[in-house]
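Enquirer: Enclosed is the structure file entry.cif (mmCIF, C-alpha atoms).
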data_query
loop_
_atom_site.label_atom_id
_atom_site.label_comp_id
_atom_site.auth_asym_id
_atom_site.auth_seq_id
_atom_site.Cartn_x
_atom_site.Cartn_y
_atom_site.Cartn_z
CA MET A 1 235.10 311.57 155.81
CA GLY A 2 231.45 312.15 155.02
CA ASN A 3 230.67 308.41 154.92
CA ARG A 4 232.41 307.74 158.24
CA ARG A 5 230.63 310.66 159.89
CA LEU A 6 227.31 309.36 158.63
CA ALA A 7 228.13 305.84 159.88
CA VAL A 8 228.97 307.10 163.38
CA ILE A 9 225.83 309.23 163.58
CA LEU A 10 223.67 306.32 162.35
CA ALA A 11 225.21 304.02 164.96
CA SER A 12 224.52 306.68 167.61
CA PHE A 13 220.92 306.97 166.39
CA PHE A 14 220.31 303.23 166.73
CA THR A 15 222.07 303.10 170.10
CA VAL A 16 219.68 305.70 171.46
CA LEU A 17 216.81 303.88 169.71
CA ILE A 18 217.39 300.54 171.43
CA GLY A 19 218.13 302.09 174.83
CA PHE A 20 214.91 304.08 174.93
CA THR A 21 212.87 301.36 173.23
CA ILE A 22 213.69 298.87 175.99
CA ARG A 23 213.29 301.48 178.70
CA ASN A 24 209.86 302.63 177.50
CA SER A 25 208.56 299.21 176.46
CA TYR A 26 208.07 298.51 180.15
CA GLY A 27 205.05 300.83 180.25
CA VAL A 28 203.60 299.23 177.10
CA LEU A 29 204.00 295.66 178.41
CA LEU A 30 203.01 296.48 182.00
CA PRO A 31 199.22 295.92 181.63
CA GLU A 32 199.99 292.31 180.63
CA MET A 33 202.72 291.81 183.20
CA LEU A 34 200.67 292.89 186.24
CA PRO A 35 198.26 289.92 186.33
CA SER A 36 200.87 287.43 185.12
CA LEU A 37 203.42 288.27 187.83
CA LYS A 38 200.67 289.02 190.40
CA ILE A 39 202.23 292.33 191.46
CA SER A 40 200.77 295.65 192.61
CA LYS A 41 201.38 299.00 190.93
CA LYS A 42 203.88 299.92 193.65
CA GLU A 43 205.77 296.68 193.02
CA ALA A 44 205.68 297.45 189.30
CA GLY A 45 207.27 300.77 190.22
CA LEU A 46 209.98 298.92 192.17
CA ILE A 47 210.91 296.91 189.06
CA TYR A 48 211.18 300.07 187.00
CA GLY A 49 213.02 301.77 189.85
CA SER A 50 215.68 299.02 189.87
CA PHE A 51 216.37 299.73 186.20
CA PHE A 52 216.84 303.44 186.86
CA MET A 53 218.90 302.84 189.99
CA ALA A 54 221.49 301.00 187.89
CA TYR A 55 221.15 303.59 185.13
CA THR A 56 221.74 306.38 187.66
CA ILE A 57 224.83 304.79 189.20
CA PHE A 58 226.54 303.92 185.93
CA SER A 59 225.64 306.94 183.77
CA PRO A 60 228.02 309.39 185.52
CA LEU A 61 230.79 306.80 185.39
CA LEU A 62 230.29 306.22 181.67
CA GLY A 63 229.98 309.95 181.06
CA LEU A 64 233.39 310.38 182.69
CA LEU A 65 234.90 307.43 180.82
CA ALA A 66 233.51 308.74 177.52
CA ASP A 67 236.13 311.50 177.61
CA ARG A 68 238.97 309.01 178.16
CA VAL A 69 238.37 305.50 176.80
CA ASN A 70 237.60 303.81 173.50
CA LEU A 71 233.92 304.51 172.87
CA ARG A 72 233.61 301.75 170.31
CA ALA A 73 234.53 299.10 172.90
CA LEU A 74 232.47 300.79 175.63
CA LEU A 75 229.27 300.90 173.57
CA THR A 76 229.68 297.35 172.30
CA LEU A 77 230.21 295.93 175.79
CA PHE A 78 227.33 297.73 177.46
CA LEU A 79 224.85 297.05 174.67
CA GLY A 80 225.71 293.38 175.15
CA ILE A 81 224.89 293.72 178.85
CA LEU A 82 221.64 295.46 177.91
CA GLY A 83 220.75 292.52 175.67
CA ILE A 84 221.41 289.97 178.43
CA GLY A 85 219.25 291.78 181.01
CA THR A 86 216.41 292.38 178.57
CA LEU A 87 216.42 288.78 177.34
CA LEU A 88 216.27 287.51 180.92
CA MET A 89 213.22 289.71 181.58
CA GLY A 90 211.35 287.31 179.32
CA TYR A 91 212.08 284.51 181.79
CA SER A 92 211.24 286.32 185.05
CA SER A 93 208.57 284.72 187.23
CA THR A 94 208.86 286.64 190.52
CA LEU A 95 209.19 290.25 191.62
CA LEU A 96 212.79 289.70 192.73
CA GLU A 97 213.84 288.10 189.45
CA ALA A 98 212.27 290.92 187.44
CA MET A 99 214.04 293.53 189.60
CA VAL A 100 217.45 291.84 189.21
CA PHE A 101 217.09 291.30 185.46
CA PHE A 102 215.87 294.83 184.78
CA LEU A 103 218.65 296.19 186.98
CA LEU A 104 221.11 294.42 184.67
CA ALA A 105 219.34 295.97 181.69
CA GLY A 106 219.69 299.36 183.37
CA ILE A 107 223.45 298.90 183.61
CA GLY A 108 223.62 298.31 179.88
CA SER A 109 221.22 301.15 179.10
CA SER A 110 223.51 303.64 180.85
CA ALA A 111 225.70 303.62 177.72
CA CYS A 112 222.82 304.65 175.47
CA TRP A 113 222.96 308.38 176.20
CA SER A 114 225.85 309.85 178.24
CA PRO A 115 228.67 308.47 176.02
CA VAL A 116 226.67 309.11 172.86
CA VAL A 117 226.49 312.88 173.46
CA PRO A 118 230.26 313.56 173.34
CA LEU A 119 230.64 311.07 170.47
CA VAL A 120 228.12 312.98 168.34
CA GLN A 121 229.65 316.31 169.34
CA ARG A 122 233.07 315.15 168.14
CA TRP A 123 231.68 314.32 164.72
CA THR A 124 229.52 317.44 164.16
CA SER A 125 230.24 321.13 163.78
CA ASP A 126 229.33 323.86 166.25
CA GLN A 127 226.63 325.47 164.12
CA ARG A 128 224.85 322.15 163.44
CA ARG A 129 225.22 320.52 166.85
CA GLY A 130 221.67 321.23 168.03
CA MET A 131 220.14 319.87 164.84
CA ILE A 132 222.29 316.72 164.62
CA LEU A 133 221.92 315.79 168.28
CA ALA A 134 218.17 316.28 167.94
CA LEU A 135 218.20 313.94 164.94
CA VAL A 136 220.18 311.32 166.86
CA ASP A 137 217.87 311.65 169.85
CA ALA A 138 214.92 311.15 167.50
CA GLY A 139 215.95 307.51 167.71
CA SER A 140 214.31 307.38 171.12
CA SER A 141 210.96 308.45 169.70
CA VAL A 142 211.25 306.18 166.66
CA GLY A 143 212.03 303.26 168.94
CA ILE A 144 209.07 304.00 171.21
CA ALA A 145 206.78 304.24 168.19
CA ILE A 146 207.99 300.92 166.80
CA SER A 147 207.69 299.28 170.21
CA SER A 148 204.17 300.57 170.80
CA VAL A 149 203.09 299.09 167.47
CA MET A 150 205.03 295.82 167.60
CA MET A 151 204.58 294.87 171.27
CA PRO A 152 200.76 294.49 171.04
CA ILE A 153 201.24 292.34 167.93
CA ILE A 154 203.84 290.15 169.65
CA VAL A 155 201.74 289.94 172.82
CA GLY A 156 198.68 288.97 170.77
CA ALA A 157 200.58 286.25 168.89
CA PHE A 158 202.66 285.02 171.83
CA ASP A 159 202.83 286.83 175.20
CA TRP A 160 204.61 289.67 176.98
CA ARG A 161 207.64 287.46 177.58
CA MET A 162 208.31 287.18 173.86
CA GLY A 163 208.27 290.98 173.72
CA TRP A 164 211.24 291.16 176.08
CA LYS A 165 213.06 288.35 174.30
CA SER A 166 212.75 290.07 170.92
CA LEU A 167 214.07 293.33 172.39
CA GLY A 168 217.03 291.48 173.89
CA VAL A 169 217.94 290.05 170.48
CA MET A 170 217.76 293.56 169.00
CA ALA A 171 220.20 294.83 171.63
CA PHE A 172 222.72 292.10 170.75
CA PHE A 173 222.42 292.98 167.07
CA LEU A 174 223.06 296.67 167.72
CA ALA A 175 226.08 295.85 169.87
CA GLY A 176 227.56 294.40 166.69
CA ILE A 177 226.54 297.46 164.68
CA ASN A 178 228.43 299.70 167.10
CA PHE A 179 231.52 297.52 166.86
CA LEU A 180 231.46 297.79 163.07
CA LEU A 181 230.59 301.47 162.61
CA VAL A 182 231.79 303.55 165.57
CA ARG A 183 235.13 305.36 165.58
CA ASP A 184 236.09 307.63 168.44
CA SER A 185 237.24 310.79 166.65
CA PRO A 186 237.49 312.40 163.20
CA VAL A 187 241.28 312.65 163.56
CA GLU A 188 241.76 312.84 159.81
CA ASN A 189 240.06 316.24 159.68
CA PRO A 190 241.24 318.73 162.34
CA SER A 191 238.63 321.33 161.33
CA LEU A 192 235.95 319.30 163.13
CA PRO A 193 235.67 319.73 166.91
CA HIS A 194 237.79 316.68 167.77
CA SER A 195 240.71 318.87 168.79
CA LYS A 196 238.57 320.69 171.33
CA PHE A 197 237.97 317.40 173.13
CA ASN A 198 241.59 316.33 173.24
CA GLN A 199 243.46 319.44 174.29
CA PRO A 200 245.29 319.13 177.62
CA LEU A 201 243.52 320.58 180.63
CA ASN A 202 244.70 323.97 181.87
CA GLN A 203 244.17 322.90 185.47
CA PRO A 204 244.11 319.61 187.39
CA ALA A 205 241.11 317.47 186.51
CA GLY A 206 239.99 317.22 190.14
CA THR A 207 239.97 320.99 190.57
CA LEU A 208 238.13 321.49 187.30
CA TYR A 209 235.43 318.94 188.16
CA LEU A 210 235.01 320.36 191.66
CA ASN A 211 234.50 323.85 190.25
CA ILE A 212 231.84 322.52 187.90
CA LEU A 213 230.02 320.70 190.70
CA LYS A 214 230.00 323.86 192.85
CA ASP A 215 228.60 326.05 190.07
CA LYS A 216 225.07 327.24 190.89
CA LYS A 217 223.99 326.98 187.27
CA PHE A 218 225.11 323.35 187.22
CA LEU A 219 223.05 322.60 190.34
CA LEU A 220 219.95 324.49 189.21
CA ILE A 221 219.92 322.73 185.86
CA GLY A 222 220.59 319.39 187.54
CA VAL A 223 217.67 319.68 189.97
CA SER A 224 215.41 320.88 187.17
CA TYR A 225 216.49 317.82 185.19
CA LEU A 226 215.59 315.62 188.16
CA LEU A 227 212.12 317.10 188.44
CA ILE A 228 211.23 316.90 184.76
CA GLY A 229 212.45 313.30 184.68
CA PHE A 230 210.23 312.52 187.67
CA SER A 231 207.30 314.23 185.97
CA THR A 232 207.49 312.70 182.52
CA LEU A 233 208.11 309.12 183.66
CA ILE A 234 204.74 308.93 185.44
CA PRO A 235 202.64 309.06 182.23
CA LEU A 236 205.17 306.95 180.33
CA THR A 237 204.94 304.22 182.96
CA PHE A 238 201.21 304.20 183.65
CA ILE A 239 199.31 305.77 180.75
CA ALA A 240 198.58 302.40 179.10
CA THR A 241 197.61 300.80 182.41
CA TYR A 242 195.43 303.83 183.21
CA ALA A 243 193.67 303.53 179.85
CA VAL A 244 193.07 299.77 180.25
CA GLN A 245 192.06 299.64 183.92
CA GLU A 246 190.24 302.93 184.46
CA LEU A 247 189.05 304.01 181.01
CA MET A 248 188.35 300.47 179.76
CA PHE A 249 190.39 300.84 176.56
CA ARG A 250 191.33 297.70 174.68
CA TYR A 251 195.02 296.85 175.10
CA ASP A 252 195.89 297.73 171.49
CA ALA A 253 194.04 301.07 171.75
CA ALA A 254 195.90 301.87 174.97
CA ALA A 255 199.22 301.05 173.30
CA ARG A 256 198.35 303.47 170.49
CA LEU A 257 198.45 306.28 173.03
CA VAL A 258 202.18 305.59 173.27
CA THR A 259 202.40 305.53 169.47
CA VAL A 260 200.77 308.98 169.26
CA PHE A 261 203.14 310.25 171.94
CA ALA A 262 206.18 308.84 170.12
CA ILE A 263 205.28 310.25 166.70
CA THR A 264 204.57 313.75 168.00
CA SER A 265 207.76 313.68 170.09
CA ILE A 266 209.75 313.18 166.87
CA PHE A 267 208.31 316.38 165.40
CA GLY A 268 208.85 318.23 168.66
CA LYS A 269 212.40 316.92 168.98
CA ILE A 270 213.44 318.16 165.54
CA ALA A 271 211.43 321.40 165.41
CA LEU A 272 212.28 322.58 168.92
CA GLY A 273 215.88 321.36 168.61
CA ILE A 274 216.38 323.60 165.59
CA LEU A 275 214.52 326.45 167.31
CA SER A 276 216.92 326.21 170.26
CA ASP A 277 219.86 327.16 168.03
CA ARG A 278 218.15 330.55 167.59
CA LEU A 279 216.02 331.02 170.69
CA GLY A 280 218.44 329.54 173.22
CA ARG A 281 218.58 326.23 175.09
CA ILE A 282 217.07 327.28 178.42
CA GLN A 283 214.27 329.29 176.84
CA THR A 284 213.35 326.37 174.59
CA ILE A 285 213.43 323.88 177.47
CA VAL A 286 211.00 326.12 179.37
CA LEU A 287 208.67 326.03 176.35
CA CYS A 288 208.98 322.22 176.19
CA GLU A 289 208.17 321.80 179.87
CA ALA A 290 205.19 324.14 179.62
CA LEU A 291 203.76 321.77 177.00
CA VAL A 292 204.41 318.84 179.36
CA VAL A 293 202.43 320.67 182.06
CA LEU A 294 199.49 321.15 179.68
CA GLY A 295 199.62 317.52 178.57
CA CYS A 296 199.63 316.19 182.14
CA PHE A 297 196.73 318.47 183.01
CA GLY A 298 194.69 317.09 180.13
CA MET A 299 195.32 313.48 181.16
CA PHE A 300 193.33 313.84 184.37
CA ALA A 301 191.13 316.89 183.71
CA LEU A 302 189.79 316.45 180.17
CA PRO A 303 187.31 313.60 179.75
CA GLY A 304 186.88 311.46 176.70
CA PHE A 305 188.78 309.30 174.23
CA TRP A 306 189.93 312.06 171.90
CA ALA A 307 190.84 314.40 174.74
CA LEU A 308 193.29 311.83 176.08
CA TYR A 309 194.84 311.43 172.64
CA LEU A 310 195.12 315.22 172.30
CA SER A 311 196.80 315.40 175.70
CA MET A 312 199.36 312.83 174.55
CA VAL A 313 200.01 314.89 171.40
CA VAL A 314 200.79 318.00 173.47
CA PHE A 315 202.79 316.01 176.01
CA GLY A 316 204.80 314.25 173.30
CA PHE A 317 205.61 317.41 171.33
CA GLY A 318 207.01 319.07 174.44
CA PHE A 319 208.75 315.94 175.70
CA GLY A 320 210.69 315.26 172.51
CA ALA A 321 213.37 317.96 172.64
CA ILE A 322 213.92 318.13 176.41
CA TRP A 323 216.72 315.58 176.64
CA PRO A 324 219.01 316.72 173.80
CA LEU A 325 218.53 320.33 174.90
CA PHE A 326 219.61 319.58 178.46
CA ALA A 327 222.64 317.75 177.03
CA LEU A 328 223.51 320.77 174.87
CA CYS A 329 223.54 322.99 177.94
CA ALA A 330 226.83 321.26 178.87
CA PRO A 331 229.01 322.67 176.07
CA ASP A 332 227.00 325.93 175.99
CA TYR A 333 227.37 326.69 179.70
CA PHE A 334 230.60 324.90 180.54
CA SER A 335 233.00 323.22 178.08
CA GLN A 336 233.01 320.81 175.19
CA ARG A 337 236.05 319.06 176.64
CA ASN A 338 234.12 317.96 179.74
CA ALA A 339 230.69 317.46 178.16
CA GLY A 340 230.68 313.74 179.00
CA PHE A 341 231.38 314.40 182.69
CA ILE A 342 228.72 317.13 182.91
CA VAL A 343 226.00 315.16 181.11
CA GLY A 344 226.86 312.11 183.21
CA PHE A 345 226.40 313.97 186.48
CA TRP A 346 223.23 315.64 185.30
CA THR A 347 222.06 312.13 184.49
CA LEU A 348 222.78 311.30 188.14
CA PHE A 349 220.25 313.98 189.11
CA LEU A 350 217.85 312.70 186.48
CA GLY A 351 218.25 309.14 187.70
CA VAL A 352 217.15 310.03 191.23
CA GLY A 353 213.89 311.34 189.81
CA LEU A 354 213.47 308.31 187.58
CA VAL A 355 214.09 305.84 190.43
CA ILE A 356 211.52 307.29 192.81
CA SER A 357 208.93 308.44 190.25
CA PRO A 358 207.23 305.10 189.36
CA ILE A 359 207.41 303.92 192.97
CA ILE A 360 205.69 307.03 194.37
CA ALA A 361 203.17 307.23 191.51
CA GLY A 362 202.34 303.51 191.84
CA TRP A 363 201.97 303.84 195.62
CA ILE A 364 199.60 306.79 195.18
CA ALA A 365 197.55 304.88 192.58
CA ASP A 366 197.33 301.82 194.86
CA GLY A 367 196.30 303.95 197.82
CA THR A 368 193.71 306.11 196.06
CA GLY A 369 192.52 303.59 193.49
CA ARG A 370 192.97 306.20 190.74
CA PHE A 371 195.79 307.56 188.57
CA MET A 372 194.43 311.13 188.66
CA TRP A 373 196.56 312.13 191.64
CA SER A 374 199.68 310.62 190.10
CA PHE A 375 199.20 312.66 186.91
CA MET A 376 198.53 315.76 188.99
CA LEU A 377 201.83 315.18 190.79
CA ALA A 378 203.53 314.96 187.39
CA MET A 379 202.09 318.34 186.42
CA VAL A 380 203.21 320.06 189.63
CA THR A 381 206.79 318.75 189.48
CA ALA A 382 207.09 319.96 185.87
CA MET A 383 205.98 323.42 186.99
CA ILE A 384 208.66 323.48 189.70
CA SER A 385 211.25 322.42 187.10
CA ILE A 386 210.28 325.44 184.98
CA PHE A 387 210.68 327.75 187.97
CA LEU A 388 214.25 326.51 188.59
CA LEU A 389 215.17 327.06 184.95
CA LEU A 390 213.92 330.63 185.18
CA LEU A 391 216.44 331.16 187.98
CA VAL A 392 219.27 330.47 185.56
CA ARG A 393 219.87 334.11 184.63
CA ARG A 394 222.59 333.85 182.03
CA LYS A 395 221.23 333.51 178.50
CA ILE A 396 222.74 330.99 176.12
CA SER A 397 223.62 332.42 172.73
CA LEU A 398 224.77 330.89 169.46
CA PRO A 399 228.48 330.03 169.23
CA LYS A 400 230.72 332.89 168.19
CA GLY A 401 230.82 333.26 164.46
CA GLY A 402 227.50 331.46 164.07
CA ASN A 403 225.65 332.09 160.85
CA THR A 404 222.75 334.45 161.33
CA SER A 405 220.95 333.27 158.20
CA ARG A 406 218.26 330.61 158.40
CA PRO A 407 219.05 327.83 155.90
CA THR A 408 216.38 325.24 155.34
CA PHE A 409 216.38 322.06 157.38
CA LEU A 410 217.07 319.98 154.26
CA MET A 411 220.07 322.14 153.36
CA ASN A 412 221.47 321.69 156.87
CA VAL A 413 221.19 317.92 156.66
CA LEU A 414 222.80 317.74 153.22
CA GLU A 415 225.65 320.04 154.25
CA GLU A 416 226.32 317.94 157.34
CA PHE A 417 226.38 314.50 155.76
CA LEU A 418 227.45 314.76 152.13
CA PRO A 419 231.20 314.38 151.46
CA ASN A 420 232.83 317.78 151.01
CA LYS A 421 234.87 318.67 147.94
CA HIS A 422 236.72 321.32 149.93
CA PRO A 423 237.96 321.41 153.56
CA VAL A 424 235.21 321.92 156.13
CA SER A 425 234.86 325.62 156.88
CA SER A 426 233.79 327.27 160.10
CA GLU A 427 230.31 327.58 158.64
CA LEU A 428 229.82 323.79 158.76
#
Can you give me the file's structure in the form of structure tokens?
Expert:
Amino acid sequence: MGNRRLAVILASFFTVLIGFTIRNSYGVLLPEMLPSLKISKKEAGLIYGSFFMAYTIFSPLLGLLADRVNLRALLTLFLGILGIGTLLMGYSSTLLEAMVFFLLAGIGSSACWSPVVPLVQRWTSDQRRGMILALVDAGSSVGIAISSVMMPIIVGAFDWRMGWKSLGVMAFFLAGINFLLVRDSPVENPSLPHSKFNQPLNQPAGTLYLNILKDKKFLLIGVSYLLIGFSTLIPLTFIATYAVQELMFRYDAAARLVTVFAITSIFGKIALGILSDRLGRIQTIVLCEALVVLGCFGMFALPGFWALYLSMVVFGFGFGAIWPLFALCAPDYFSQRNAGFIVGFWTLFLGVGLVISPIIAGWIADGTGRFMWSFMLAMVTAMISIFLLLLVRRKISLPKGGNTSRPTFLMNVLEEFLPNKHPVSSEL
């Protein structure tokens, strides 16, 4: 049981890794793509927007299917689609081709988060869910860090096209990993939360989903999710281009800004994810977004090489835990049984912000000739997102029966993954 659980969580980790690596490699490769494709910053935003349009449309569908279909087959299929779209990006020569190919990649990428959340929840216990999902989501930061180091090397030895081709091959490889490792549910051990996901509904599915969609908390969290997605994507898309074009950084030095961001986001993801099990999800998200506000402020207000790096440290630490914490609001506020549906529809909100964010930020940068106003817009939207979260009055507490002691992080990991000599208790 312990080995299978570890295999599923590792597969989930690498699924998130490749999805976010491909998604965030666009910003790293963009300084090289702009002159090669002869496109403006707004047109660069349109390419990125096409990716997130597909991601937005398919994420709710896959979140809904995650509660009903074979996740092993679903993840394998869509990671294959992700590989095709990413590989074709290496052959794009026009704006239209790049938009179509990255749209295809966005379809595949939609399986790299919404279905993963309920899969991980099925294989982890209530008291460890925040920690394990934060560890799985750390794959996004690890992938961004690897990409920000490897892409400049690949670009230097070959070109930006080879960067996309290598990422496409990685996606194909991880499709195979999912096929080999993923199993839907820990059916052999009923003490894990699998049974909570497979109990029959007490009311018709349509009525249940409609009640969720009408819930004010659901809407407030969804709009807040939209705004923080809009905010954070602006630096992730344009920070390297900003450093190269306005601050005259070398390309490799600009890419290292993304590396700094990725490394600090790993620490923030794990530390703040664990903190949320005690402090509460909403309260911790507010803290994360406050750090994003400070980081965005530093990007345009604090001059100098080291100030920009410090701003990326603050931004990354706050950014890291936002996404798993929003996902954990689904079972905390609503139900574990419908977590896939809820996360999928919150991703629909998020996707709207992600589609329009690079387009608007690129248009502002083209019009003003500077990225300062784009980063200022990112700061303001993050502040509005915090305000909406503060309107969510109900506090999220630990699950009933949760352990009030504070075991070390290492003890938590060992308890979660090592095979158990005795049946899993409610403490696990």
Enquirer: Which one of A:Trp160, A:Ala175, A:Ile57, A:Ser148 sits closest to Ile84 in chain A if you count all atoms listed in the file?
Expert: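 With all atoms listed in the file as the atom set, the closest residue is A:Ala175.
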Enquirer: What are the nearest atom pairs, with distances in Å to one decimal, for all residues of range 239-258 of chain A that come at most 12 Å from range 306-311 of chain A, using only C-alpha atoms, set out by chain and rising residue number as CSV?
Expert:
residue,atom,partner,partner_atom,distance
A:Ile239,CA,A:Leu308,CA,9.7
A:Ala240,CA,A:Leu308,CA,11.2
A:Tyr242,CA,A:Leu308,CA,10.9
A:Ala243,CA,A:Leu308,CA,9.1
A:Leu247,CA,A:Leu308,CA,10.2
A:Phe249,CA,A:Leu308,CA,11.4
A:Ala253,CA,A:Tyr309,CA,10.4
A:Ala254,CA,A:Tyr309,CA,9.9
A:Ala255,CA,A:Tyr309,CA,11.3
A:Arg256,CA,A:Tyr309,CA,9.0
A:Leu257,CA,A:Tyr309,CA,6.3
A:Val258,CA,A:Tyr309,CA,9.4
Enquirer: If you measure from CA of Phe173 in chain A to CA of Phe102 in chain A, what distance in Å do you get, rounded to one decimal?
Expert: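 These atoms are spaced 19.0 Å apart.
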Enquirer: Hey, what's within 10 Å of Arg370 in chain A if we count all atoms listed in the file and toss same-chain stuff fewer than 3 positions away? As a PyMOL selection string, please?
Expert: chain A and resi 242+245-246+300+362+364-367+373-375
Enquirer: Could you list, as a VMD selection string, every residue matched by the PyMOL selection byres ((chain A and resi 272) around 12) in this structure?
Expert: chain A and resid 130 to 131 133 to 135 138 264 to 271 273 to 289 291 317 to 325
Enquirer: Could you work out how far CA of Phe349 in chain A lies from CA of Tyr225 in chain A, giving the answer in Å with one decimal?
Expert: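 CA of Phe349 in chain A lies 6.7 Å from CA of Tyr225 in chain A.
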Enquirer: Applied to the shown file, which residues does the PyMOL selection byres ((chain A and resi 184) around 10) return, written as number ranges by chain?
Expert: A: 8, 66-67, 69-73, 118-120, 122-123, 182-183, 185-187, 194
Enquirer: To one decimal in Å, tell me the separation between CA of Leu389 in chain A and CA of Leu64 in chain A.
Expert: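 Distance between the two atoms: 24.8 Å.
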Enquirer: So, with only C-alpha atoms as the atoms that count, which of A:Ile144, A:Val155, A:Met99, A:Leu6 lies closest to Ala44 in chain A?
Expert: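 When distances to Ala44 in chain A are compared using only C-alpha atoms, the smallest one comes from A:Met99.
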Enquirer: Skipping near chain neighbours, those fewer than 3 positions away, what residues fall within 12 Å of Leu104 in chain A using all atoms listed in the file, listed as a PDB file with C-alpha atoms, in the coordinates of the input?
Expert:
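Resulting contents of result11.pdb:
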ATOM      1  CA  ILE A  47     210.910 296.910 189.060  1.00  0.00           C
ATOM      2  CA  TYR A  48     211.180 300.070 187.000  1.00  0.00           C
ATOM      3  CA  SER A  50     215.680 299.020 189.870  1.00  0.00           C
ATOM      4  CA  PHE A  51     216.370 299.730 186.200  1.00  0.00           C
ATOM      5  CA  PHE A  52     216.840 303.440 186.860  1.00  0.00           C
ATOM      6  CA  MET A  53     218.900 302.840 189.990  1.00  0.00           C
ATOM      7  CA  ALA A  54     221.490 301.000 187.890  1.00  0.00           C
ATOM      8  CA  TYR A  55     221.150 303.590 185.130  1.00  0.00           C
ATOM      9  CA  ILE A  57     224.830 304.790 189.200  1.00  0.00           C
ATOM     10  CA  PHE A  58     226.540 303.920 185.930  1.00  0.00           C
ATOM     11  CA  PHE A  78     227.330 297.730 177.460  1.00  0.00           C
ATOM     12  CA  LEU A  79     224.850 297.050 174.670  1.00  0.00           C
ATOM     13  CA  GLY A  80     225.710 293.380 175.150  1.00  0.00           C
ATOM     14  CA  ILE A  81     224.890 293.720 178.850  1.00  0.00           C
ATOM     15  CA  LEU A  82     221.640 295.460 177.910  1.00  0.00           C
ATOM     16  CA  GLY A  83     220.750 292.520 175.670  1.00  0.00           C
ATOM     17  CA  ILE A  84     221.410 289.970 178.430  1.00  0.00           C
ATOM     18  CA  GLY A  85     219.250 291.780 181.010  1.00  0.00           C
ATOM     19  CA  THR A  86     216.410 292.380 178.570  1.00  0.00           C
ATOM     20  CA  LEU A  87     216.420 288.780 177.340  1.00  0.00           C
ATOM     21  CA  LEU A  88     216.270 287.510 180.920  1.00  0.00           C
ATOM     22  CA  MET A  89     213.220 289.710 181.580  1.00  0.00           C
ATOM     23  CA  GLU A  97     213.840 288.100 189.450  1.00  0.00           C
ATOM     24  CA  ALA A  98     212.270 290.920 187.440  1.00  0.00           C
ATOM     25  CA  MET A  99     214.040 293.530 189.600  1.00  0.00           C
ATOM     26  CA  VAL A 100     217.450 291.840 189.210  1.00  0.00           C
ATOM     27  CA  PHE A 101     217.090 291.300 185.460  1.00  0.00           C
ATOM     28  CA  ILE A 107     223.450 298.900 183.610  1.00  0.00           C
ATOM     29  CA  GLY A 108     223.620 298.310 179.880  1.00  0.00           C
ATOM     30  CA  SER A 109     221.220 301.150 179.100  1.00  0.00           C
ATOM     31  CA  SER A 110     223.510 303.640 180.850  1.00  0.00           C
ATOM     32  CA  GLY A 168     217.030 291.480 173.890  1.00  0.00           C
TER      33      GLY A 168
END
Enquirer: Using all atoms listed in the file, which of the listed residues (A:Ile263, A:Ile360, A:Met383, A:Val392) sits closest to Phe238 in chain A?
Expert: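 Counting all atoms listed in the file, the residue closest to Phe238 in chain A is A:Ile360.
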Enquirer: Any chance you could work out the residue set of the PyMOL selection byres ((chain A and resi 342-346) around 6) here, as number ranges by chain?
Expert: A: 59-60, 63, 114, 222, 327, 339-341, 347-349
